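Below: the structure, in C-alpha cells.
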Protein chains: 2
Amino acid sequence: MTAGPIVALCGGIGGAKLALGLYRVLEPDALHVVINTGDDFEHLGLHISPDVDTVTYTLAGIENPETGWGRRDETWSFMETAKRLGAETWFALGDSDLAIHVERTRRLAAGHRLSEITAAIGKKFEIRARLIPMSDDAVRTVVQSTDGALAFQDYFVRRQCKPVVEGIDYDGAGRAHAAPGVLEALKRPDLRAVIICPSNPFLSIDPILAVADIRAAVANCQAPVIAVSPLVGGAAVKGPTAKIFDELSIPRTASAIAEHYGGLIDGLIIDQADKDHVASLPVAARAVNTLMRSLDDRENLAKDVLSFAGELSVAPRSQQGND
Amino acid sequence: MTAGPIVALCGGIGGAKLALGLYRVLEPDALHVVINTGDDFEHLGLHISPDVDTVTYTLAGIENPETGWGRRDETWSFMETAKRLGAETWFALGDSDLAIHVERTRRLAAGHRLSEITAAIGKKFEIRARLIPMSDDAVRTVVQSTDGALAFQDYFVRRQCKPVVEGIDYDGAGRAHAAPGVLEALKRPDLRAVIICPSNPFLSIDPILAVADIRAAVANCQAPVIAVSPLVGGAAVKGPTAKIFDELSIPRTASAIAEHYGGLIDGLIIDQADKDHVASLPVAARAVNTLMRSLDDRENLAKDVLSFAGELSVAPRSQQGND
C-alpha cells in the first residue's frame, strides 16, 4: 500500500460513519470525501447542503448521533420563533447548525463556489480530510412517485419517504461537472482506492455518479473501486433503502448491489450475515462486519475496506473481476 | 379628544419605550408607529431592521431591557458557531432574533414589501398597534465623520459611536416615499396627534422626516404635532445623542430641540429638570417626567403627551405657536 490518497464517495449518515472510520485510520490528509449534493435545497432563503454538513459535523466530532443530522448539544430558539412567525418548520434547523447555512448562503451570493466554502468550513472545524461537494453545479435529486415528482427533501423529510418511488431523476446532472479536486484526486497515479460508502445507492451515490466526468474518472482510475453494501441480510440499517429496493422491484441482495455498480467496481464488501453469497457474486467480495454501532466498528470496517483494497491493487485491474 | 388615531414617529430604544406607553394607554388599534429604517442594513446576507425589531419586541413584551436591542431570554448558539466559522460577529444576533431576520429576508427576496412583512410579523406577535416602517424604499443613514463616511451600524455598533460626527446623510431619502399607511394616517381628519418620540433627532427622527412626503404630511396634518425632548438637564438618557449635539456644535437645550423641529411641531414636552425653560421656548411646552425607568413612567409620559395634545388641539392650529 502506498501513501496515496483514498477517495470516498458518500451521502449522509451511513456514509459519514465509514468516512469517519477512514479518517481515523488513515493519515488525516489522505482522505478525500466526495459528497452528494443532490439533496441540497433552498429553504427559508438559505442554501442547505444536508450531506455535506452531516459529513462535516461527523468528522468534526460534533454530529448528533441520535438523529443522524444536525449537531449535538443544539438549541432550538430559532425554530420556536420561526414557528411563531408562520415560517415552514418541517425541516428542523438548530441554532448552531444555522450558522453554517447562513454563512454558506452569504458566500454563495458573494460568488464563492460551494467547494471553496465547504473546504473553508472544514478547515474552521479543523478537519484535515478534504471534503468536496461532488459538484459546484446544481444537481437536484427528484423522486418520481405515486404522489408525482417530488423534490428530494419534500419526499425525504416532509413526506417521510411515504410515497411509493417509481423512479429517480438527478436534475442538472447532465450539465454538471465535478467540483475542483475530484477528478484530480481520481486521476492521481498514487490513488490507493475509491470507496463507495454504504449510503443509499439511489439517493446518495447515484447522484454523484450521474455527473459524467466523475463516473468516467471512477471507471478509468488505476486503483481498485470498492463498494460497501448498505444491506445486511436483505435489510437496510436506516432510512428508506429497503423500501425503495422493493418499490423499484430490485431484490434486496448483495448480487443486486454488485449489479447496480456493475462495470464500475472491482470489489464489494458485504456484511458477514451475507457471507454465503460471496462465492456467487460477479465481483471480488469480502464479508465483514458492516454494522457501525461503535467508533471501533467504524474503524474496523475502514481497516477491512483498506485491506481488501490493498489485496485487489496487487492484481492487474483487468483480472480483478475474476477474483 | 376623539377616538382618532395617534401617529408616533420613533427610532429604537427611547422611542420604543414611549410607543409602549402609548400602546398601553390608548385603545390598542389607535396607535400607528412610523419607525425609522435608516439604520437598516444587510448583514451576513440578512436584511436587518433594528428599530423595527426593537419596537416590535417592546410592544410584544419580549424585548431585552438590559441591552435595548434583541430579545430577553435569548440563546447565542448561532453566534458561537458563526464566530468559529470566521463570520463577522460585531453585530450580535441572538438565536430567536435571527428568525425575524431570516423570515424578513426570505419574504423580501420573494417580492414582499418591508411594510407588509412588518405588519405580518406584528400580527404574529399579537400586536394590535400598526407598526409601519417609514418607507419600503431603502433610506440609509450615513455618518460623515472624522473616520470618513460610515454606514450607520458601522458607526453605531462596530465603532461604538467613537468617531466625531461632522454631518449625517440619509442616502436614498430623496427618492423614497412613505410606506403604505403612513400618509393615510397623517391625513385622516380624525387624527388626534403626531408624537415625535424622544429618540435621537439626528439618527432616528430626521431619517423619517427626510422622506419628503412624510415631512409634508406631518407639516400639513390637522392635528397637533408634539415632540418629546430626548434631553434631560442637558444630558441624554442613553446613546450618543449628547455627544453628537456637541460635535455638531448644537447646544444641548430644549431650545435647540424646538429649533431643530421648528416649523413642524406645535408643542414640546421637556423634562421637569428643564422646567425653567418652558417660558422662553418658541413653541408651546410642558415640563413633565420624561425619564422612563418603569412601565408606569412610560404610561404616565404617554398620558402627559396625550393630555397636552388634547389641549393644543382645542386651539386653531395657527395660534398654537403663540401658546
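Chains: A, B, ... in order of the C-alpha cells. Residues: from 1 per chain. Ligands: from 1, in order shown.
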Near-Pro189 in chain B list (12 Å; only C-alpha atoms; drop same-chain fewer than 6 positions) as a ChimeraX atom specification:
/B:2-6,183,220-223
How would you write, as a ChimeraX atom specification, the set of residues in range 213-275 of chain A that DSSP gives as helix (DSSP H, G or I)?
/A:213-220,241-247,254-260,272-275
Can you write out the residues you just picked, keeping N, CA, C and O atoms, as an mmCIF file, in the first residue's frame?
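part.cif, freshly written:
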```
data_model
loop_
_atom_site.group_PDB
_atom_site.id
_atom_site.type_symbol
_atom_site.label_atom_id
_atom_site.label_comp_id
_atom_site.auth_asym_id
_atom_site.auth_seq_id
_atom_site.Cartn_x
_atom_site.Cartn_y
_atom_site.Cartn_z
ATOM 1 N N ASP A 213 -18.354 13.309 -15.691
ATOM 2 C CA ASP A 213 -16.893 13.254 -15.582
ATOM 3 C C ASP A 213 -16.440 12.541 -14.308
ATOM 4 O O ASP A 213 -15.355 11.953 -14.275
ATOM 5 N N ILE A 214 -17.272 12.541 -13.282
ATOM 6 C CA ILE A 214 -16.932 11.764 -12.083
ATOM 7 C C ILE A 214 -17.047 10.269 -12.393
ATOM 8 O O ILE A 214 -16.153 9.479 -12.094
ATOM 9 N N ARG A 215 -18.164 9.897 -13.025
ATOM 10 C CA ARG A 215 -18.363 8.478 -13.358
ATOM 11 C C ARG A 215 -17.205 7.958 -14.226
ATOM 12 O O ARG A 215 -16.652 6.887 -13.966
ATOM 13 N N ALA A 216 -16.829 8.764 -15.231
ATOM 14 C CA ALA A 216 -15.751 8.335 -16.130
ATOM 15 C C ALA A 216 -14.435 8.215 -15.367
ATOM 16 O O ALA A 216 -13.660 7.264 -15.573
ATOM 17 N N ALA A 217 -14.182 9.164 -14.474
ATOM 18 C CA ALA A 217 -12.911 9.134 -13.740
ATOM 19 C C ALA A 217 -12.870 7.956 -12.770
ATOM 20 O O ALA A 217 -11.809 7.353 -12.551
ATOM 21 N N VAL A 218 -14.018 7.597 -12.198
ATOM 22 C CA VAL A 218 -14.071 6.419 -11.327
ATOM 23 C C VAL A 218 -13.834 5.165 -12.173
ATOM 24 O O VAL A 218 -13.040 4.281 -11.812
ATOM 25 N N ALA A 219 -14.503 5.109 -13.330
ATOM 26 C CA ALA A 219 -14.373 3.929 -14.199
ATOM 27 C C ALA A 219 -12.944 3.751 -14.695
ATOM 28 O O ALA A 219 -12.474 2.623 -14.855
ATOM 29 N N ASN A 220 -12.256 4.863 -14.905
ATOM 30 C CA ASN A 220 -10.927 4.790 -15.509
ATOM 31 C C ASN A 220 -9.769 4.904 -14.527
ATOM 32 O O ASN A 220 -8.617 4.890 -14.947
ATOM 33 N N THR A 241 -33.878 2.739 2.286
ATOM 34 C CA THR A 241 -33.182 1.943 1.280
ATOM 35 C C THR A 241 -33.958 0.685 0.912
ATOM 36 O O THR A 241 -34.230 0.418 -0.273
ATOM 37 N N ALA A 242 -34.321 -0.109 1.914
ATOM 38 C CA ALA A 242 -35.003 -1.378 1.639
ATOM 39 C C ALA A 242 -36.339 -1.135 0.935
ATOM 40 O O ALA A 242 -36.681 -1.815 -0.048
ATOM 41 N N LYS A 243 -37.070 -0.139 1.410
ATOM 42 C CA LYS A 243 -38.370 0.196 0.819
ATOM 43 C C LYS A 243 -38.217 0.554 -0.659
ATOM 44 O O LYS A 243 -39.021 0.132 -1.504
ATOM 45 N N ILE A 244 -37.195 1.318 -0.982
ATOM 46 C CA ILE A 244 -37.006 1.738 -2.377
ATOM 47 C C ILE A 244 -36.598 0.550 -3.258
ATOM 48 O O ILE A 244 -37.070 0.423 -4.392
ATOM 49 N N PHE A 245 -35.749 -0.334 -2.743
ATOM 50 C CA PHE A 245 -35.420 -1.559 -3.494
ATOM 51 C C PHE A 245 -36.714 -2.271 -3.891
ATOM 52 O O PHE A 245 -36.899 -2.656 -5.046
ATOM 53 N N ASP A 246 -37.597 -2.421 -2.918
ATOM 54 C CA ASP A 246 -38.854 -3.128 -3.181
ATOM 55 C C ASP A 246 -39.696 -2.390 -4.208
ATOM 56 O O ASP A 246 -40.244 -2.989 -5.142
ATOM 57 N N GLU A 247 -39.815 -1.087 -4.029
ATOM 58 C CA GLU A 247 -40.675 -0.299 -4.912
ATOM 59 C C GLU A 247 -40.140 -0.288 -6.341
ATOM 60 O O GLU A 247 -40.904 -0.180 -7.300
ATOM 61 N N ALA A 254 -26.954 -8.819 -2.109
ATOM 62 C CA ALA A 254 -25.605 -8.365 -2.448
ATOM 63 C C ALA A 254 -25.408 -8.391 -3.959
ATOM 64 O O ALA A 254 -24.756 -7.518 -4.538
ATOM 65 N N SER A 255 -26.001 -9.404 -4.610
ATOM 66 C CA SER A 255 -25.931 -9.517 -6.064
ATOM 67 C C SER A 255 -26.478 -8.283 -6.755
ATOM 68 O O SER A 255 -25.903 -7.776 -7.718
ATOM 69 N N ALA A 256 -27.617 -7.805 -6.251
ATOM 70 C CA ALA A 256 -28.248 -6.634 -6.861
ATOM 71 C C ALA A 256 -27.364 -5.397 -6.696
ATOM 72 O O ALA A 256 -27.280 -4.554 -7.590
ATOM 73 N N ILE A 257 -26.697 -5.305 -5.561
ATOM 74 C CA ILE A 257 -25.778 -4.174 -5.328
ATOM 75 C C ILE A 257 -24.608 -4.273 -6.312
ATOM 76 O O ILE A 257 -24.222 -3.282 -6.943
ATOM 77 N N ALA A 258 -24.063 -5.494 -6.439
ATOM 78 C CA ALA A 258 -22.941 -5.694 -7.366
ATOM 79 C C ALA A 258 -23.360 -5.325 -8.786
ATOM 80 O O ALA A 258 -22.618 -4.683 -9.531
ATOM 81 N N GLU A 259 -24.570 -5.718 -9.132
ATOM 82 C CA GLU A 259 -25.075 -5.412 -10.466
ATOM 83 C C GLU A 259 -25.312 -3.909 -10.638
ATOM 84 O O GLU A 259 -25.006 -3.330 -11.681
ATOM 85 N N HIS A 260 -25.851 -3.298 -9.583
ATOM 86 C CA HIS A 260 -26.126 -1.853 -9.620
ATOM 87 C C HIS A 260 -24.854 -1.074 -9.935
ATOM 88 O O HIS A 260 -24.878 -0.125 -10.717
ATOM 89 N N GLN A 272 -21.192 -9.774 7.111
ATOM 90 C CA GLN A 272 -20.931 -11.176 7.431
ATOM 91 C C GLN A 272 -22.227 -12.006 7.448
ATOM 92 O O GLN A 272 -22.193 -13.211 7.204
ATOM 93 N N ALA A 273 -23.342 -11.329 7.675
ATOM 94 C CA ALA A 273 -24.622 -12.036 7.632
ATOM 95 C C ALA A 273 -24.902 -12.590 6.228
ATOM 96 O O ALA A 273 -25.702 -13.514 6.067
ATOM 97 N N ASP A 274 -24.256 -12.010 5.233
ATOM 98 C CA ASP A 274 -24.487 -12.429 3.844
ATOM 99 C C ASP A 274 -23.312 -13.219 3.279
ATOM 100 O O ASP A 274 -23.183 -13.351 2.058
ATOM 101 N N LYS A 275 -22.479 -13.773 4.152
ATOM 102 C CA LYS A 275 -21.211 -14.355 3.687
ATOM 103 C C LYS A 275 -21.400 -15.522 2.712
ATOM 104 O O LYS A 275 -20.538 -15.780 1.878
#
```
Report as JSON lines the residues of chain A within 9 Å of chain B, each with its shortest atom pair and distance in Å (one decimal), using only C-alpha atoms, ordered by chain and increasing residue number.
```
{"residue": "A:Leu44", "atom": "CA", "partner": "B:Arg106", "partner_atom": "CA", "distance": 5.9}
{"residue": "A:Gly45", "atom": "CA", "partner": "B:Arg106", "partner_atom": "CA", "distance": 5.0}
{"residue": "A:Leu46", "atom": "CA", "partner": "B:Arg106", "partner_atom": "CA", "distance": 8.4}
{"residue": "A:Glu74", "atom": "CA", "partner": "B:Ser77", "partner_atom": "CA", "distance": 7.7}
{"residue": "A:Thr75", "atom": "CA", "partner": "B:Ser77", "partner_atom": "CA", "distance": 6.8}
{"residue": "A:Trp76", "atom": "CA", "partner": "B:Asp95", "partner_atom": "CA", "distance": 7.9}
{"residue": "A:Ser77", "atom": "CA", "partner": "B:Ser96", "partner_atom": "CA", "distance": 4.8}
{"residue": "A:Phe78", "atom": "CA", "partner": "B:Ser96", "partner_atom": "CA", "distance": 4.5}
{"residue": "A:Met79", "atom": "CA", "partner": "B:Ala99", "partner_atom": "CA", "distance": 7.3}
{"residue": "A:Glu80", "atom": "CA", "partner": "B:Ser96", "partner_atom": "CA", "distance": 7.3}
{"residue": "A:Thr81", "atom": "CA", "partner": "B:Ser96", "partner_atom": "CA", "distance": 5.7}
{"residue": "A:Ala82", "atom": "CA", "partner": "B:Ala99", "partner_atom": "CA", "distance": 5.2}
{"residue": "A:Lys83", "atom": "CA", "partner": "B:Ala99", "partner_atom": "CA", "distance": 9.0}
{"residue": "A:Arg84", "atom": "CA", "partner": "B:Lys124", "partner_atom": "CA", "distance": 6.5}
{"residue": "A:Leu85", "atom": "CA", "partner": "B:Lys124", "partner_atom": "CA", "distance": 5.7}
{"residue": "A:Gly86", "atom": "CA", "partner": "B:Lys124", "partner_atom": "CA", "distance": 7.7}
{"residue": "A:Ala87", "atom": "CA", "partner": "B:Glu103", "partner_atom": "CA", "distance": 7.0}
{"residue": "A:Gly94", "atom": "CA", "partner": "B:Phe78", "partner_atom": "CA", "distance": 8.6}
{"residue": "A:Asp95", "atom": "CA", "partner": "B:Phe78", "partner_atom": "CA", "distance": 5.1}
{"residue": "A:Ser96", "atom": "CA", "partner": "B:Phe78", "partner_atom": "CA", "distance": 4.5}
{"residue": "A:Asp97", "atom": "CA", "partner": "B:Phe78", "partner_atom": "CA", "distance": 7.3}
{"residue": "A:Leu98", "atom": "CA", "partner": "B:Phe78", "partner_atom": "CA", "distance": 6.4}
{"residue": "A:Ala99", "atom": "CA", "partner": "B:Ala82", "partner_atom": "CA", "distance": 5.2}
{"residue": "A:Ile100", "atom": "CA", "partner": "B:Ala82", "partner_atom": "CA", "distance": 7.3}
{"residue": "A:Val102", "atom": "CA", "partner": "B:Leu44", "partner_atom": "CA", "distance": 6.9}
{"residue": "A:Glu103", "atom": "CA", "partner": "B:Leu44", "partner_atom": "CA", "distance": 6.8}
{"residue": "A:Thr105", "atom": "CA", "partner": "B:Gly45", "partner_atom": "CA", "distance": 7.4}
{"residue": "A:Arg106", "atom": "CA", "partner": "B:Gly45", "partner_atom": "CA", "distance": 5.0}
{"residue": "A:Arg107", "atom": "CA", "partner": "B:Gly45", "partner_atom": "CA", "distance": 8.5}
{"residue": "A:Ala109", "atom": "CA", "partner": "B:Gly45", "partner_atom": "CA", "distance": 7.9}
{"residue": "A:Ala120", "atom": "CA", "partner": "B:Leu85", "partner_atom": "CA", "distance": 8.3}
{"residue": "A:Ile121", "atom": "CA", "partner": "B:Leu85", "partner_atom": "CA", "distance": 6.3}
{"residue": "A:Lys123", "atom": "CA", "partner": "B:Leu85", "partner_atom": "CA", "distance": 8.9}
{"residue": "A:Lys124", "atom": "CA", "partner": "B:Leu85", "partner_atom": "CA", "distance": 5.7}
{"residue": "A:Phe125", "atom": "CA", "partner": "B:Arg84", "partner_atom": "CA", "distance": 7.7}
```
Could you go through range 176-275 of chain B and tell me which residues DSSP, when run on the backbone, assigns to strand (DSSP E or B), listing them as a list in words?
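Of range 176-275 of chain B, only Ala193, Val194, Ile195, Ile196, Val225, Ile226, Ala227, Val228, Leu231, Val232, Ala235, Ala236, Gly267, Leu268, Ile269, Ile270 and Asp271 of chain B fall in strand (DSSP E or B).
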Write the residues you've just listed into a file as a compact mmCIF listing (two decimals), in the first residue's frame, and include all heavy atoms for each of them.
```
# COMPACT_ATOMS: atom_id res chain seq x y z
N ALA B 193 -53.14 63.27 17.11
CA ALA B 193 -51.84 63.90 17.37
C ALA B 193 -50.76 63.13 16.62
O ALA B 193 -50.91 61.94 16.33
CB ALA B 193 -51.52 63.90 18.86
N VAL B 194 -49.69 63.86 16.33
CA VAL B 194 -48.46 63.24 15.86
C VAL B 194 -47.46 63.43 16.98
O VAL B 194 -47.28 64.55 17.48
CB VAL B 194 -47.93 63.88 14.57
CG1 VAL B 194 -46.59 63.26 14.18
CG2 VAL B 194 -48.95 63.73 13.45
N ILE B 195 -46.85 62.34 17.41
CA ILE B 195 -45.91 62.42 18.52
C ILE B 195 -44.52 62.01 18.03
O ILE B 195 -44.33 60.91 17.52
CB ILE B 195 -46.37 61.50 19.68
CG1 ILE B 195 -47.72 62.01 20.19
CG2 ILE B 195 -45.32 61.47 20.79
CD1 ILE B 195 -48.48 61.01 21.00
N ILE B 196 -43.60 62.94 18.17
CA ILE B 196 -42.20 62.64 17.84
C ILE B 196 -41.55 62.13 19.12
O ILE B 196 -41.38 62.87 20.08
CB ILE B 196 -41.48 63.88 17.28
CG1 ILE B 196 -42.17 64.34 15.98
CG2 ILE B 196 -40.01 63.57 17.06
CD1 ILE B 196 -41.55 65.59 15.35
N VAL B 225 -48.77 68.49 16.50
CA VAL B 225 -47.55 67.69 16.40
C VAL B 225 -46.71 68.02 17.63
O VAL B 225 -46.38 69.18 17.87
CB VAL B 225 -46.75 68.03 15.12
CG1 VAL B 225 -45.46 67.20 15.06
CG2 VAL B 225 -47.61 67.79 13.88
N ILE B 226 -46.41 67.00 18.39
CA ILE B 226 -45.70 67.21 19.66
C ILE B 226 -44.43 66.39 19.68
O ILE B 226 -44.46 65.19 19.43
CB ILE B 226 -46.60 66.79 20.85
CG1 ILE B 226 -47.82 67.70 20.87
CG2 ILE B 226 -45.83 66.86 22.17
CD1 ILE B 226 -48.86 67.26 21.84
N ALA B 227 -43.33 67.07 19.98
CA ALA B 227 -42.07 66.34 20.14
C ALA B 227 -41.78 66.16 21.62
O ALA B 227 -42.11 67.02 22.44
CB ALA B 227 -40.93 67.10 19.48
N VAL B 228 -41.19 65.04 21.95
CA VAL B 228 -40.73 64.81 23.32
C VAL B 228 -39.21 64.89 23.28
O VAL B 228 -38.55 64.14 22.56
CB VAL B 228 -41.19 63.44 23.85
CG1 VAL B 228 -40.70 63.22 25.27
CG2 VAL B 228 -42.71 63.32 23.77
N LEU B 231 -33.54 65.12 25.74
CA LEU B 231 -32.55 65.66 26.69
C LEU B 231 -33.17 65.87 28.06
O LEU B 231 -34.33 66.25 28.19
CB LEU B 231 -32.02 67.00 26.18
CG LEU B 231 -31.27 66.97 24.83
CD1 LEU B 231 -30.91 68.38 24.40
CD2 LEU B 231 -30.02 66.09 24.93
N VAL B 232 -32.41 65.60 29.07
CA VAL B 232 -32.83 65.82 30.45
C VAL B 232 -31.70 66.60 31.13
O VAL B 232 -30.61 66.04 31.33
CB VAL B 232 -33.05 64.49 31.19
CG1 VAL B 232 -33.41 64.75 32.65
CG2 VAL B 232 -34.13 63.66 30.50
N ALA B 235 -28.43 66.49 29.30
CA ALA B 235 -27.81 65.18 29.02
C ALA B 235 -28.83 64.31 28.30
O ALA B 235 -30.03 64.62 28.27
CB ALA B 235 -27.36 64.52 30.31
N ALA B 236 -28.36 63.23 27.73
CA ALA B 236 -29.27 62.29 27.09
C ALA B 236 -29.29 61.01 27.92
O ALA B 236 -28.31 60.68 28.59
CB ALA B 236 -28.84 62.00 25.67
N GLY B 267 -45.94 71.66 19.76
CA GLY B 267 -45.70 71.59 21.20
C GLY B 267 -44.47 70.75 21.48
O GLY B 267 -44.08 69.90 20.67
N LEU B 268 -43.85 71.04 22.60
CA LEU B 268 -42.65 70.30 23.00
C LEU B 268 -42.81 69.86 24.45
O LEU B 268 -43.15 70.66 25.32
CB LEU B 268 -41.40 71.19 22.86
CG LEU B 268 -40.05 70.53 23.20
CD1 LEU B 268 -39.71 69.42 22.21
CD2 LEU B 268 -38.93 71.59 23.21
N ILE B 269 -42.59 68.59 24.67
CA ILE B 269 -42.57 68.07 26.05
C ILE B 269 -41.11 68.02 26.46
O ILE B 269 -40.28 67.42 25.77
CB ILE B 269 -43.18 66.65 26.10
CG1 ILE B 269 -44.67 66.67 25.77
CG2 ILE B 269 -42.90 65.99 27.45
CD1 ILE B 269 -45.60 66.96 26.91
N ILE B 270 -40.80 68.66 27.57
CA ILE B 270 -39.43 68.61 28.09
C ILE B 270 -39.45 68.01 29.48
O ILE B 270 -40.52 67.86 30.09
CB ILE B 270 -38.76 70.01 28.10
CG1 ILE B 270 -39.52 70.95 29.04
CG2 ILE B 270 -38.70 70.58 26.68
CD1 ILE B 270 -38.86 72.32 29.18
N ASP B 271 -38.29 67.68 29.96
CA ASP B 271 -38.24 67.07 31.28
C ASP B 271 -38.43 68.12 32.37
O ASP B 271 -38.07 69.28 32.21
CB ASP B 271 -36.91 66.34 31.49
CG ASP B 271 -36.98 65.45 32.73
OD1 ASP B 271 -37.65 64.40 32.66
OD2 ASP B 271 -36.44 65.85 33.78
```
Neighbours of Ala151 in chain A within 12 Å (only C-alpha atoms; same-chain residues fewer than 2 positions away dropped), as a list in words?
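The contact residues come out as Gly38, Asp39, Asp40, Phe41, Glu42, His43, Val139, Arg140, Thr141, Val142, Val143, Gln144, Ser145, Asp147, Gly148, Ala149, Gln153, Asp154, Tyr155, Phe156, Val157, Arg158, Arg159, Cys161, Ile168, Asp169, Tyr170, Asp171 and Leu203 of chain A.
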Which residue is closest to Pro207 in chain B? Choose from B:Ile48, B:Ile117, B:Ala16, B:Val34 and count only C-alpha atoms.
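Looking at the shortest contact to Pro207 in chain B, the residue is B:Val34.
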Can you list, as a list of chain:residue names, every protein, DNA or RNA residue that comes within 10 Å of Val211 in chain B when you count only C-alpha atoms, leaving out same-chain residues fewer than 6 positions away?
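In the requested format, the answer is B:Met134, B:Ser135, B:Asp137, B:Val139, B:Tyr170, B:Gly172, B:Ala173, B:Gly174, B:Arg175, B:Ala176, B:His177, B:Ala178.
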Please, could you write that set of residues out with C-alpha atoms as a PDB file, in the first residue's frame?
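again.pdb, written as the output of this step:
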```pdb
ATOM      1  CA  MET B 134     -41.244  54.725   7.357  1.00  0.00           C
ATOM      2  CA  SER B 135     -40.624  53.599   3.782  1.00  0.00           C
ATOM      3  CA  ASP B 137     -37.652  52.245  -0.258  1.00  0.00           C
ATOM      4  CA  VAL B 139     -33.004  55.002   3.045  1.00  0.00           C
ATOM      5  CA  TYR B 170     -29.853  59.961   4.571  1.00  0.00           C
ATOM      6  CA  GLY B 172     -31.917  57.443  -0.802  1.00  0.00           C
ATOM      7  CA  ALA B 173     -34.293  59.709   1.120  1.00  0.00           C
ATOM      8  CA  GLY B 174     -34.718  61.955  -1.907  1.00  0.00           C
ATOM      9  CA  ARG B 175     -36.169  59.093  -3.929  1.00  0.00           C
ATOM     10  CA  ALA B 176     -38.069  57.444  -1.081  1.00  0.00           C
ATOM     11  CA  HIS B 177     -41.782  57.536  -0.466  1.00  0.00           C
ATOM     12  CA  ALA B 178     -43.756  56.902   2.675  1.00  0.00           C
TER      13      ALA B 178
END
```
I'd like to know which of B:Ile250, B:Cys10, B:Ala185, B:Ala30 is closest to Asp51 in chain B, using only C-alpha atoms.
B:Cys10
